[in-house]
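Structure file coords_32.pdb (PDB, C-alpha atoms and all ligand atoms) is printed below.
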MODEL        1
ATOM      1  CA  MET A 586     177.741 161.406 -65.242
ATOM      2  CA  ARG A 587     181.317 160.630 -64.285
ATOM      3  CA  LEU A 588     181.792 159.154 -60.803
ATOM      4  CA  THR A 589     184.641 158.682 -58.332
ATOM      5  CA  ILE A 590     185.387 155.182 -57.014
ATOM      6  CA  ASP A 591     183.641 156.103 -53.728
ATOM      7  CA  GLU A 592     180.502 157.244 -55.555
ATOM      8  CA  ALA A 593     180.510 154.179 -57.835
ATOM      9  CA  ALA A 594     180.877 151.813 -54.847
ATOM     10  CA  SER A 595     178.099 153.503 -52.914
ATOM     11  CA  ARG A 596     175.670 153.443 -55.860
ATOM     12  CA  LEU A 597     176.444 149.785 -56.621
ATOM     13  CA  LEU A 598     175.929 148.822 -52.973
ATOM     14  CA  GLN A 599     172.538 150.555 -53.107
ATOM     15  CA  GLY A 600     171.513 148.333 -56.009
ATOM     16  CA  GLU A 601     172.186 150.688 -58.919
ATOM     17  CA  VAL A 602     173.793 149.787 -62.239
ATOM     18  CA  VAL A 603     177.073 151.635 -62.915
ATOM     19  CA  ALA A 604     179.381 151.444 -65.941
ATOM     20  CA  ILE A 605     182.863 150.330 -64.898
ATOM     21  CA  PRO A 606     186.180 150.254 -66.742
ATOM     22  CA  THR A 607     188.067 147.032 -67.343
ATOM     23  CA  GLU A 608     191.241 146.377 -69.292
ATOM     24  CA  THR A 609     189.130 144.871 -72.116
ATOM     25  CA  VAL A 610     185.948 146.951 -72.533
ATOM     26  CA  TYR A 611     183.603 148.891 -70.226
ATOM     27  CA  GLY A 612     181.112 146.746 -68.330
ATOM     28  CA  LEU A 613     177.688 147.479 -66.845
ATOM     29  CA  GLY A 614     178.295 146.572 -63.221
ATOM     30  CA  ALA A 615     175.667 145.375 -60.745
ATOM     31  CA  LEU A 616     175.675 143.349 -57.496
ATOM     32  CA  TYR A 617     175.327 139.715 -58.633
ATOM     33  CA  ASN A 618     172.918 138.847 -55.813
ATOM     34  CA  ASP A 619     170.640 141.895 -56.138
ATOM     35  CA  GLU A 620     167.699 140.658 -58.184
ATOM     36  CA  GLY A 621     166.418 144.168 -58.935
ATOM     37  CA  ALA A 622     169.817 145.445 -60.085
ATOM     38  CA  VAL A 623     170.358 142.429 -62.359
ATOM     39  CA  ASP A 624     166.870 142.841 -63.802
ATOM     40  CA  THR A 625     167.524 146.553 -64.480
ATOM     41  CA  LEU A 626     170.784 145.644 -66.177
ATOM     42  CA  PHE A 627     169.105 143.200 -68.610
ATOM     43  CA  LYS A 628     166.445 145.823 -69.400
ATOM     44  CA  LEU A 629     168.968 148.633 -69.902
ATOM     45  CA  LYS A 630     171.007 146.569 -72.345
ATOM     46  CA  LYS A 631     167.937 144.995 -73.981
ATOM     47  CA  ARG A 632     169.779 141.729 -73.423
ATOM     48  CA  PRO A 633     168.023 138.391 -74.009
ATOM     49  CA  LYS A 634     167.415 136.610 -70.681
ATOM     50  CA  GLU A 635     168.997 133.426 -72.093
ATOM     51  CA  ASN A 636     172.396 135.142 -72.287
ATOM     52  CA  PRO A 637     174.210 134.633 -68.947
ATOM     53  CA  LEU A 638     176.552 137.117 -67.252
ATOM     54  CA  ILE A 639     180.205 136.989 -66.202
ATOM     55  CA  LEU A 640     180.850 137.275 -62.455
ATOM     56  CA  HIS A 641     183.767 139.654 -61.792
ATOM     57  CA  VAL A 642     185.730 139.143 -58.574
ATOM     58  CA  SER A 643     188.786 140.798 -57.044
ATOM     59  CA  LYS A 644     190.860 137.616 -56.679
ATOM     60  CA  ALA A 645     190.806 133.995 -57.833
ATOM     61  CA  SER A 646     190.135 132.573 -54.360
ATOM     62  CA  ASP A 647     186.788 134.477 -54.275
ATOM     63  CA  ILE A 648     185.347 132.010 -56.775
ATOM     64  CA  LEU A 649     186.332 128.804 -54.941
ATOM     65  CA  PRO A 650     183.203 128.736 -52.687
ATOM     66  CA  PHE A 651     181.018 128.599 -55.826
ATOM     67  CA  LEU A 652     182.803 125.690 -57.541
ATOM     68  CA  ARG A 653     181.499 122.123 -57.676
ATOM     69  CA  GLU A 654     185.047 120.978 -58.378
ATOM     70  CA  VAL A 655     188.347 122.700 -59.057
ATOM     71  CA  PRO A 656     189.183 121.602 -62.603
ATOM     72  CA  PRO A 657     192.704 120.631 -63.709
ATOM     73  CA  SER A 658     194.955 123.547 -64.730
ATOM     74  CA  PHE A 659     192.650 125.982 -62.913
ATOM     75  CA  ASP A 660     195.389 127.135 -60.530
ATOM     76  CA  LEU A 661     197.869 127.538 -63.361
ATOM     77  CA  LEU A 662     195.412 129.463 -65.567
ATOM     78  CA  ALA A 663     194.411 131.704 -62.669
ATOM     79  CA  LYS A 664     198.018 132.326 -61.616
ATOM     80  CA  THR A 665     199.128 133.065 -65.169
ATOM     81  CA  PHE A 666     196.261 135.177 -66.487
ATOM     82  CA  TRP A 667     194.460 136.781 -63.513
ATOM     83  CA  PRO A 668     194.022 139.615 -63.051
ATOM     84  CA  GLY A 669     193.568 139.776 -66.807
ATOM     85  CA  PRO A 670     191.406 139.176 -69.881
ATOM     86  CA  LEU A 671     190.541 135.501 -69.391
ATOM     87  CA  THR A 672     187.042 134.276 -68.495
ATOM     88  CA  LEU A 673     186.647 130.726 -67.202
ATOM     89  CA  VAL A 674     183.284 128.959 -67.382
ATOM     90  CA  LEU A 675     183.219 126.313 -64.648
ATOM     91  CA  PRO A 676     180.720 123.890 -63.036
ATOM     92  CA  VAL A 677     179.183 125.434 -59.919
ATOM     93  CA  ILE A 678     177.296 124.238 -56.838
ATOM     94  CA  PRO A 679     173.558 124.528 -57.629
ATOM     95  CA  GLY A 680     171.599 127.294 -55.923
ATOM     96  CA  LEU A 681     174.443 129.696 -55.066
ATOM     97  CA  ILE A 682     174.216 131.907 -58.130
ATOM     98  CA  PRO A 683     170.907 133.574 -59.020
ATOM     99  CA  GLN A 684     169.139 132.036 -61.998
ATOM    100  CA  ALA A 685     169.015 135.408 -63.793
ATOM    101  CA  VAL A 686     172.834 135.596 -63.699
ATOM    102  CA  SER A 687     173.577 132.058 -64.910
ATOM    103  CA  ALA A 688     170.535 131.907 -67.234
ATOM    104  CA  GLY A 689     169.730 128.639 -65.477
ATOM    105  CA  LEU A 690     172.924 126.873 -66.611
ATOM    106  CA  SER A 691     174.862 124.583 -64.256
ATOM    107  CA  THR A 692     178.041 126.522 -65.022
ATOM    108  CA  GLN A 693     179.165 130.081 -64.255
ATOM    109  CA  ALA A 694     181.560 132.425 -66.080
ATOM    110  CA  PHE A 695     184.193 134.064 -63.842
ATOM    111  CA  ARG A 696     186.867 136.653 -64.387
ATOM    112  CA  VAL A 697     189.312 138.783 -62.357
ATOM    113  CA  PRO A 698     189.650 142.037 -64.303
ATOM    114  CA  ALA A 699     192.957 143.932 -64.337
ATOM    115  CA  HIS A 700     191.875 147.583 -64.393
ATOM    116  CA  PRO A 701     193.217 149.231 -61.176
ATOM    117  CA  MET A 702     190.023 151.265 -60.525
ATOM    118  CA  THR A 703     187.752 148.258 -60.888
ATOM    119  CA  CYS A 704     190.100 146.087 -58.783
ATOM    120  CA  GLU A 705     189.711 148.669 -56.015
ATOM    121  CA  LEU A 706     185.953 148.847 -56.578
ATOM    122  CA  LEU A 707     185.490 145.062 -56.389
ATOM    123  CA  ILE A 708     187.232 144.956 -53.010
ATOM    124  CA  ARG A 709     184.591 147.391 -51.728
ATOM    125  CA  THR A 710     181.499 145.918 -53.405
ATOM    126  CA  GLY A 711     182.207 142.190 -53.620
ATOM    127  CA  PRO A 712     181.410 140.215 -56.795
ATOM    128  CA  LEU A 713     179.787 142.161 -59.639
ATOM    129  CA  VAL A 714     178.206 140.970 -62.846
ATOM    130  CA  ALA A 715     179.345 143.091 -65.767
ATOM    131  CA  PRO A 716     178.263 142.488 -69.348
ATOM    132  CA  SER A 717     179.834 144.790 -71.923
ATOM    133  CA  ALA A 718     178.445 148.330 -71.581
ATOM    134  CA  ASN A 719     176.658 148.578 -74.910
ATOM    135  CA  LEU A 720     173.136 148.049 -76.141
ATOM    136  CA  SER A 721     172.755 144.356 -76.972
ATOM    137  CA  GLY A 722     173.965 143.741 -80.533
ATOM    138  CA  SER A 723     175.899 147.022 -80.850
ATOM    139  CA  PRO A 724     179.686 147.563 -80.780
ATOM    140  CA  SER A 725     181.197 147.406 -77.279
ATOM    141  CA  SER A 726     182.394 150.502 -75.409
ATOM    142  CA  VAL A 727     186.094 151.189 -74.873
ATOM    143  CA  ASP A 728     185.689 154.806 -73.756
ATOM    144  CA  PRO A 729     183.228 156.562 -71.387
ATOM    145  CA  SER A 730     181.825 158.540 -74.323
ATOM    146  CA  HIS A 731     180.737 155.244 -75.954
ATOM    147  CA  VAL A 732     178.806 154.299 -72.814
ATOM    148  CA  GLU A 733     177.180 157.735 -72.765
ATOM    149  CA  LYS A 734     176.231 157.429 -76.433
ATOM    150  CA  ASP A 735     174.297 154.207 -75.696
ATOM    151  CA  PHE A 736     172.833 155.046 -72.273
ATOM    152  CA  GLY A 737     172.789 158.866 -72.146
ATOM    153  CA  THR A 738     175.091 161.448 -70.556
ATOM    154  CA  ALA A 739     173.249 161.166 -67.214
ATOM    155  CA  PHE A 740     174.231 157.492 -66.923
ATOM    156  CA  PRO A 741     176.722 156.861 -64.069
ATOM    157  CA  VAL A 742     180.189 155.906 -65.346
ATOM    158  CA  LEU A 743     183.388 155.276 -63.428
ATOM    159  CA  ASP A 744     185.812 156.952 -65.845
ATOM    160  CA  GLY A 745     188.905 154.786 -66.252
ATOM    161  CA  GLY A 746     189.940 156.273 -69.606
ATOM    162  CA  LEU A 747     190.442 154.220 -72.754
ATOM    163  CA  CYS A 748     190.423 150.434 -72.210
ATOM    164  CA  PRO A 749     193.968 149.246 -72.934
ATOM    165  CA  LYS A 750     193.108 145.888 -74.579
ATOM    166  CA  GLY A 751     190.063 147.066 -76.544
ATOM    167  CA  VAL A 752     188.432 143.650 -77.094
ATOM    168  CA  GLU A 753     186.639 141.381 -74.630
ATOM    169  CA  SER A 754     188.175 138.596 -72.586
ATOM    170  CA  THR A 755     188.865 135.203 -74.142
ATOM    171  CA  ILE A 756     186.329 132.691 -72.788
ATOM    172  CA  LEU A 757     187.410 129.128 -71.969
ATOM    173  CA  ILE A 758     184.684 126.645 -71.041
ATOM    174  CA  TYR A 759     185.657 123.573 -69.011
ATOM    175  CA  ASP A 760     183.726 120.714 -70.565
ATOM    176  CA  GLU A 761     184.267 116.951 -70.523
ATOM    177  CA  GLY A 762     187.790 117.172 -69.123
ATOM    178  CA  LYS A 763     189.088 119.888 -71.464
ATOM    179  CA  TYR A 764     189.021 123.650 -71.832
ATOM    180  CA  LYS A 765     187.193 124.707 -74.978
ATOM    181  CA  VAL A 766     186.852 128.117 -76.628
ATOM    182  CA  GLY A 767     183.605 129.930 -75.907
ATOM    183  CA  ARG A 768     184.749 133.218 -77.433
ATOM    184  CA  LEU A 769     187.973 134.487 -78.993
ATOM    185  CA  GLY A 770     189.309 137.507 -77.153
ATOM    186  CA  ALA A 771     192.239 139.499 -75.849
ATOM    187  CA  ILE A 772     194.386 136.429 -75.076
ATOM    188  CA  PRO A 773     195.364 134.646 -78.304
ATOM    189  CA  LEU A 774     194.653 130.905 -78.414
ATOM    190  CA  GLU A 775     198.310 130.195 -79.243
ATOM    191  CA  ILE A 776     199.262 131.482 -75.764
ATOM    192  CA  LEU A 777     196.620 129.321 -74.083
ATOM    193  CA  GLU A 778     197.799 126.314 -76.102
ATOM    194  CA  GLN A 779     201.302 126.741 -74.708
ATOM    195  CA  LEU A 780     200.001 126.627 -71.161
ATOM    196  CA  LEU A 781     197.386 123.872 -71.578
ATOM    197  CA  GLY A 782     199.538 121.643 -73.783
ATOM    198  CA  TYR A 783     196.747 121.352 -76.361
ATOM    199  CA  MET A 784     194.953 123.754 -78.684
ATOM    200  CA  PRO A 785     191.516 124.485 -77.186
ATOM    201  CA  GLN A 786     188.775 123.668 -79.689
ATOM    202  CA  PRO A 787     185.471 125.521 -80.233
ATOM    203  CA  ALA A 788     182.996 124.732 -77.428
ATOM    204  CA  MET A 789     180.052 122.989 -79.082
ATOM    205  CA  LYS A 790     177.306 120.543 -78.049
ATOM    206  CA  GLY A 791     176.515 118.962 -81.394
ATOM    207  CA  GLU A 792     175.632 121.896 -83.661
ATOM    208  CA  LYS A 793     175.011 124.289 -80.774
ATOM    209  CA  PRO A 794     177.688 126.580 -79.272
ATOM    210  CA  LEU A 795     178.147 126.154 -75.488
ATOM    211  CA  CYS A 796     178.486 129.932 -75.209
ATOM    212  CA  PRO A 797     174.931 131.319 -75.545
ATOM    213  CA  GLY A 798     176.300 134.691 -76.650
ATOM    214  CA  GLN A 799     177.386 133.136 -79.952
ATOM    215  CA  LEU A 800     173.724 132.788 -80.911
ATOM    216  CA  PHE A 801     172.953 136.500 -80.774
ATOM    217  CA  ARG A 802     173.742 139.404 -83.090
ATOM    218  CA  HIS A 803     176.867 141.243 -81.920
ATOM    219  CA  TYR A 804     179.141 144.235 -82.356
ATOM    220  CA  ALA A 805     177.172 145.552 -85.359
ATOM    221  CA  PRO A 806     177.020 149.243 -86.269
ATOM    222  CA  LYS A 807     174.094 150.562 -88.325
ATOM    223  CA  ALA A 808     176.473 150.813 -91.315
ATOM    224  CA  LYS A 809     176.412 147.814 -93.648
ATOM    225  CA  LEU A 810     179.812 146.077 -93.714
ATOM    226  CA  ARG A 811     181.185 143.683 -96.322
ATOM    227  CA  PHE A 812     184.539 141.915 -96.687
ATOM    228  CA  THR A 813     186.153 142.476-100.086
ATOM    229  CA  ASP A 814     189.472 142.773-101.943
ATOM    230  CA  ASN A 815     187.992 145.162-104.499
ATOM    231  CA  PHE A 816     187.687 148.717-103.198
ATOM    232  CA  SER A 817     187.006 150.466-106.516
ATOM    233  CA  SER A 818     183.456 151.469-105.586
ATOM    234  CA  ALA A 819     184.007 151.735-101.819
ATOM    235  CA  ARG A 820     183.113 155.064-100.186
ATOM    236  CA  ALA A 821     184.612 153.916 -96.857
ATOM    237  CA  VAL A 822     187.246 151.266 -96.106
ATOM    238  CA  ILE A 823     188.226 149.521 -92.864
ATOM    239  CA  GLY A 824     191.777 148.401 -93.503
ATOM    240  CA  LEU A 825     195.479 148.613 -92.701
ATOM    241  CA  GLU A 826     198.047 151.373 -92.903
ATOM    242  CA  GLY A 827     200.270 151.379 -95.993
ATOM    243  CA  ARG A 828     197.829 149.602 -98.309
ATOM    244  CA  PRO A 829     196.771 151.159-101.630
ATOM    245  CA  TYR A 830     193.093 152.003-101.119
ATOM    246  CA  PRO A 831     191.442 154.467-103.547
ATOM    247  CA  SER A 832     192.021 158.099-102.548
ATOM    248  CA  SER A 833     188.285 158.791-102.941
ATOM    249  CA  ALA A 834     187.460 156.402-100.055
ATOM    250  CA  LYS A 835     187.236 157.547 -96.450
ATOM    251  CA  LEU A 836     189.740 155.401 -94.532
ATOM    252  CA  PHE A 837     189.273 153.816 -91.073
ATOM    253  CA  LEU A 838     192.656 152.274 -90.369
ATOM    254  CA  LEU A 839     193.218 149.568 -87.770
ATOM    255  CA  GLY A 840     196.975 150.190 -87.860
ATOM    256  CA  LYS A 841     199.960 148.243 -89.122
ATOM    257  CA  GLU A 842     200.006 144.599 -90.169
ATOM    258  CA  ASN A 843     202.486 143.728 -87.402
ATOM    259  CA  ASP A 844     200.539 145.503 -84.633
ATOM    260  CA  PRO A 845     197.279 143.670 -83.831
ATOM    261  CA  GLU A 846     197.321 145.081 -80.271
ATOM    262  CA  THR A 847     196.771 148.604 -81.638
ATOM    263  CA  ALA A 848     194.159 147.268 -84.062
ATOM    264  CA  CYS A 849     192.215 145.815 -81.101
ATOM    265  CA  THR A 850     192.224 149.192 -79.335
ATOM    266  CA  ARG A 851     190.854 150.907 -82.469
ATOM    267  CA  LEU A 852     188.300 148.301 -83.515
ATOM    268  CA  TYR A 853     185.168 149.354 -81.595
ATOM    269  CA  SER A 854     185.945 153.067 -81.910
ATOM    270  CA  ILE A 855     186.045 152.605 -85.695
ATOM    271  CA  LEU A 856     182.743 150.686 -85.748
ATOM    272  CA  ARG A 857     181.126 153.409 -83.661
ATOM    273  CA  LYS A 858     182.669 156.206 -85.742
ATOM    274  CA  LEU A 859     181.031 154.859 -88.911
ATOM    275  CA  ASP A 860     177.624 155.587 -87.406
ATOM    276  CA  LEU A 861     178.676 158.909 -85.856
ATOM    277  CA  GLU A 862     179.805 160.041 -89.304
ATOM    278  CA  GLY A 863     176.604 158.774 -90.939
ATOM    279  CA  ILE A 864     178.402 156.244 -93.147
ATOM    280  CA  GLU A 865     175.934 153.737 -94.553
ATOM    281  CA  GLU A 866     178.294 151.213 -96.117
ATOM    282  CA  ALA A 867     181.921 150.277 -95.577
ATOM    283  CA  ALA A 868     184.253 147.748 -97.195
ATOM    284  CA  ILE A 869     186.456 145.641 -94.897
ATOM    285  CA  ASP A 870     189.819 144.630 -96.329
ATOM    286  CA  SER A 871     189.444 140.834 -96.602
ATOM    287  CA  ALA A 872     193.234 140.380 -96.620
ATOM    288  CA  LEU A 873     193.717 141.033 -92.904
ATOM    289  CA  PRO A 874     196.519 138.937 -91.378
ATOM    290  CA  THR A 875     195.638 135.658 -89.640
ATOM    291  CA  GLY A 876     196.720 134.120 -86.317
ATOM    292  CA  GLY A 877     196.924 135.570 -82.815
ATOM    293  CA  LEU A 878     194.791 138.627 -82.104
ATOM    294  CA  TRP A 879     194.015 139.057 -85.819
ATOM    295  CA  ASP A 880     191.715 136.037 -85.502
ATOM    296  CA  THR A 881     189.806 137.852 -82.742
ATOM    297  CA  ILE A 882     189.591 141.024 -84.840
ATOM    298  CA  ARG A 883     188.374 139.126 -87.919
ATOM    299  CA  GLU A 884     185.775 137.255 -85.853
ATOM    300  CA  ARG A 885     184.417 140.552 -84.446
ATOM    301  CA  LEU A 886     184.288 142.121 -87.915
ATOM    302  CA  LEU A 887     182.562 139.031 -89.332
ATOM    303  CA  LYS A 888     179.883 139.221 -86.618
ATOM    304  CA  ALA A 889     179.592 143.000 -87.114
ATOM    305  CA  SER A 890     178.932 142.440 -90.825
ATOM    306  CA  CYS A 891     176.035 139.982 -90.307
TER     307      CYS A 891
HETATM  308  O1  LIG A 901     185.955 141.336 -71.335
HETATM  309  C1  LIG A 901     184.833 140.918 -70.968
HETATM  310  O2  LIG A 901     184.603 139.721 -70.780
HETATM  311  C2  LIG A 901     183.753 141.979 -70.716
HETATM  312  C3  LIG A 901     184.212 142.865 -69.555
HETATM  313  C4  LIG A 901     183.210 143.916 -69.198
HETATM  314  O3  LIG A 901     184.543 142.047 -68.460
HETATM  315  N1  LIG A 901     182.484 141.388 -70.463
HETATM  316  C5  LIG A 901     181.751 140.795 -71.453
HETATM  317  O4  LIG A 901     180.508 140.359 -71.031
HETATM  318  O5  LIG A 901     182.150 140.663 -72.595
HETATM  319  P1  LIG A 901     179.323 140.012 -72.068
HETATM  320  O6  LIG A 901     178.148 139.751 -71.199
HETATM  321  O7  LIG A 901     179.201 141.066 -73.085
HETATM  322  O8  LIG A 901     179.784 138.661 -72.704
HETATM  323  C6  LIG A 901     179.814 137.494 -71.898
HETATM  324  C7  LIG A 901     179.758 136.277 -72.738
HETATM  325  C8  LIG A 901     178.426 136.077 -73.435
HETATM  326  O9  LIG A 901     178.666 135.672 -74.766
HETATM  327  C9  LIG A 901     177.791 134.932 -72.643
HETATM  328  O10 LIG A 901     176.945 134.118 -73.439
HETATM  329  C10 LIG A 901     179.029 134.162 -72.182
HETATM  330  O11 LIG A 901     179.941 135.161 -71.854
HETATM  331  N2  LIG A 901     178.747 133.362 -70.980
HETATM  332  C11 LIG A 901     178.406 133.817 -69.762
HETATM  333  N3  LIG A 901     178.143 132.780 -68.932
HETATM  334  C12 LIG A 901     178.346 131.654 -69.632
HETATM  335  C13 LIG A 901     178.238 130.260 -69.340
HETATM  336  N4  LIG A 901     177.868 129.818 -68.137
HETATM  337  N5  LIG A 901     178.510 129.371 -70.323
HETATM  338  C14 LIG A 901     178.894 129.814 -71.545
HETATM  339  N6  LIG A 901     179.020 131.117 -71.893
HETATM  340  C15 LIG A 901     178.733 132.012 -70.950
HETATM  341 MG    MG A 902     179.040 141.877 -75.008
ENDMDL
END
Hey, can you dump this file as structure tokens for me?
Amino acid sequence: MRLTIDEAASRLLQGEVVAIPTETVYGLGALYNDEGAVDTLFKLKKRPKENPLILHVSKASDILPFLREVPPSFDLLAKTFWPGPLTLVLPVIPGLIPQAVSAGLSTQAFRVPAHPMTCELLIRTGPLVAPSANLSGSPSSVDPSHVEKDFGTAFPVLDGGLCPKGVESTILIYDEGKYKVGRLGAIPLEILEQLLGYMPQPAMKGEKPLCPGQLFRHYAPKAKLRFTDNFSSARAVIGLEGRPYPSSAKLFLLGKENDPETACTRLYSILRKLDLEGIEEAAIDSALPTGGLWDTIRERLLKASC
């Protein structure tokens, strides 16, 4: 069921879960401090309780009351990238954020999304948690029809059209004096390196990722995916325009080699289309470019193929 901003705000304020558009992917929005709504959200998504949620706010100053300290470069990161597809995981004052939201961690993930409808919505509702609007483990949703496929056509969706970035926010975790990478995303690391003055490294505690989401299955369609440079027996190929794949294969093209932005916008639609078309196996071109957003795309495809 497609809603107006007024309807979405009123349902959220009454403790319902509503799918909301962001510039990255659709999220399942709920009031962060409504225990029942947050519980419903975890159940709807079949999300493990150990996987914490991102708190979405309408402006950077909204997060200051939660912070134990304001880390270095915070103002610069916020000024440069918010509203936009950056999530910052920061140490917070104990007891202010419900345990179900933070999964009991002493940190909290924050983001100021850039979609105009959700910016407007957040002003009316206050902070919302919003995990990606897909069943846990499945490809994310970049279009209202994807949300409806996972949660049914009666599910309330604020229709903001196709998400312009197409992949989730980049997550930086502030840990031991540095920002580290919790998840690759819509802002390439090379851009963050320029601003921070160092290349953020993967966020790990020993062998364990600091981002709990890394431990769970993600983005995977039912179709079996494998990376290869040999397409002779492939019935379906996920690849790039202008490459010589066999004419017998059904092609799912991410776009041109020099256009990773378009590839990001097509990625989840392609993964979902495989299942819609009943494709059981697809070959992924292993010679995708590297660097920038291609690293995000490759990482998503690698996870989707596990
Ligand atoms: O672009 C996005 O970030 C989208 C849109 C809807 O805003 N949201 C999104 O949420 O991708 P979700 O829940 O699908 O992914 C959030 C990720 C998970 O991997 C989770 O483990 C990680 O953020 N995360 C949340 N809180 C964290 C924390 N305190 N420390 C480390 N990682 C955290
Ligand atoms: Mg997700």
### Task
Name the residues that the PyMOL selection byres (((chain A and resi 757-774) around 6) and not hetatm) picks from the file above, as number ranges by chain, using the file's chain letters and numbers.
A: 673-675, 752-756, 775-777, 785-788, 796, 877-878, 881
Could you dump the residues just selected with C-alpha atoms as a CSV table (one decimal), keeping the file's coordinate frame?
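Final output, out-v5.csv:
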chain,number,residue,atom,x,y,z
A,673,LEU,CA,186.6,130.7,-67.2
A,674,VAL,CA,183.3,129.0,-67.4
A,675,LEU,CA,183.2,126.3,-64.6
A,752,VAL,CA,188.4,143.6,-77.1
A,753,GLU,CA,186.6,141.4,-74.6
A,754,SER,CA,188.2,138.6,-72.6
A,755,THR,CA,188.9,135.2,-74.1
A,756,ILE,CA,186.3,132.7,-72.8
A,775,GLU,CA,198.3,130.2,-79.2
A,776,ILE,CA,199.3,131.5,-75.8
A,777,LEU,CA,196.6,129.3,-74.1
A,785,PRO,CA,191.5,124.5,-77.2
A,786,GLN,CA,188.8,123.7,-79.7
A,787,PRO,CA,185.5,125.5,-80.2
A,788,ALA,CA,183.0,124.7,-77.4
A,796,CYS,CA,178.5,129.9,-75.2
A,877,GLY,CA,196.9,135.6,-82.8
A,878,LEU,CA,194.8,138.6,-82.1
A,881,THR,CA,189.8,137.9,-82.7
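Minimum distance to ligand MG 902 (chain A) across A:Leu720, A:Val686, A:Val603, A:Leu713 (counting all atoms listed in the file) occurs at A:Leu720.
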Rows by chain and residue number, chain A within 6 Å of ligand LIG 901 (chain A), shortest pair, only C-alpha atoms and all ligand atoms, as JSON lines:
{"residue": "A:Thr609", "atom": "CA", "partner": "A:LIG901", "partner_atom": "O1", "distance": 4.8}
{"residue": "A:Val610", "atom": "CA", "partner": "A:LIG901", "partner_atom": "C4", "distance": 5.3}
{"residue": "A:Tyr611", "atom": "CA", "partner": "A:LIG901", "partner_atom": "C4", "distance": 5.1}
{"residue": "A:Gly612", "atom": "CA", "partner": "A:LIG901", "partner_atom": "C4", "distance": 3.6}
{"residue": "A:Asn636", "atom": "CA", "partner": "A:LIG901", "partner_atom": "O10", "distance": 4.8}
{"residue": "A:Pro637", "atom": "CA", "partner": "A:LIG901", "partner_atom": "N3", "distance": 4.3}
{"residue": "A:Leu638", "atom": "CA", "partner": "A:LIG901", "partner_atom": "C11", "distance": 4.5}
{"residue": "A:Ile639", "atom": "CA", "partner": "A:LIG901", "partner_atom": "C11", "distance": 5.1}
{"residue": "A:Val674", "atom": "CA", "partner": "A:LIG901", "partner_atom": "N4", "distance": 5.5}
{"residue": "A:Ser687", "atom": "CA", "partner": "A:LIG901", "partner_atom": "N4", "distance": 5.8}
{"residue": "A:Leu690", "atom": "CA", "partner": "A:LIG901", "partner_atom": "N4", "distance": 6.0}
{"residue": "A:Thr692", "atom": "CA", "partner": "A:LIG901", "partner_atom": "N4", "distance": 4.5}
{"residue": "A:Gln693", "atom": "CA", "partner": "A:LIG901", "partner_atom": "N4", "distance": 4.1}
{"residue": "A:Ala694", "atom": "CA", "partner": "A:LIG901", "partner_atom": "N3", "distance": 4.5}
{"residue": "A:Ala715", "atom": "CA", "partner": "A:LIG901", "partner_atom": "C4", "distance": 5.2}
{"residue": "A:Pro716", "atom": "CA", "partner": "A:LIG901", "partner_atom": "O6", "distance": 3.3}
{"residue": "A:Ser717", "atom": "CA", "partner": "A:LIG901", "partner_atom": "O7", "distance": 4.0}
{"residue": "A:Glu753", "atom": "CA", "partner": "A:LIG901", "partner_atom": "O1", "distance": 3.4}
{"residue": "A:Ser754", "atom": "CA", "partner": "A:LIG901", "partner_atom": "O1", "distance": 3.7}
{"residue": "A:Leu795", "atom": "CA", "partner": "A:LIG901", "partner_atom": "C14", "distance": 5.4}
{"residue": "A:Cys796", "atom": "CA", "partner": "A:LIG901", "partner_atom": "N6", "distance": 3.6}
{"residue": "A:Pro797", "atom": "CA", "partner": "A:LIG901", "partner_atom": "O10", "distance": 4.0}
{"residue": "A:Gly798", "atom": "CA", "partner": "A:LIG901", "partner_atom": "O9", "distance": 3.2}
{"residue": "A:Gln799", "atom": "CA", "partner": "A:LIG901", "partner_atom": "O9", "distance": 5.9}
Could you write those residues out with C-alpha atoms, as a CSV table (one decimal), keeping the file's coordinate frame?
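This is the output file result_39.csv:
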chain,number,residue,atom,x,y,z
A,609,THR,CA,189.1,144.9,-72.1
A,610,VAL,CA,185.9,147.0,-72.5
A,611,TYR,CA,183.6,148.9,-70.2
A,612,GLY,CA,181.1,146.7,-68.3
A,636,ASN,CA,172.4,135.1,-72.3
A,637,PRO,CA,174.2,134.6,-68.9
A,638,LEU,CA,176.6,137.1,-67.3
A,639,ILE,CA,180.2,137.0,-66.2
A,674,VAL,CA,183.3,129.0,-67.4
A,687,SER,CA,173.6,132.1,-64.9
A,690,LEU,CA,172.9,126.9,-66.6
A,692,THR,CA,178.0,126.5,-65.0
A,693,GLN,CA,179.2,130.1,-64.3
A,694,ALA,CA,181.6,132.4,-66.1
A,715,ALA,CA,179.3,143.1,-65.8
A,716,PRO,CA,178.3,142.5,-69.3
A,717,SER,CA,179.8,144.8,-71.9
A,753,GLU,CA,186.6,141.4,-74.6
A,754,SER,CA,188.2,138.6,-72.6
A,795,LEU,CA,178.1,126.2,-75.5
A,796,CYS,CA,178.5,129.9,-75.2
A,797,PRO,CA,174.9,131.3,-75.5
A,798,GLY,CA,176.3,134.7,-76.6
A,799,GLN,CA,177.4,133.1,-80.0
#### Entry: Nearest residue to Ala808 of chain A from the set A:Asp870, A:Asp619, A:Asp860, A:Asp735 (distances using only C-alpha atoms)
A:Asp860
### Message
Restricting the calculation to all atoms listed in the file: of A:Leu838, A:Leu780, A:Leu616, A:Leu743, which residue gets closest to Val642 of chain A?
### Response
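Among the listed residues, A:Leu616 lies closest to Val642 of chain A.
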Around segment 799-808 of chain A, with edges along x, y and z and 8 Å added on all six sides, what centre and edge lengths do you get, in Å to one decimal, as lines of an AutoDock Vina configuration file?
center_x = 176.0
center_y = 141.8
center_z = -85.6
size_x = 22.2
size_y = 34.0
size_z = 27.4
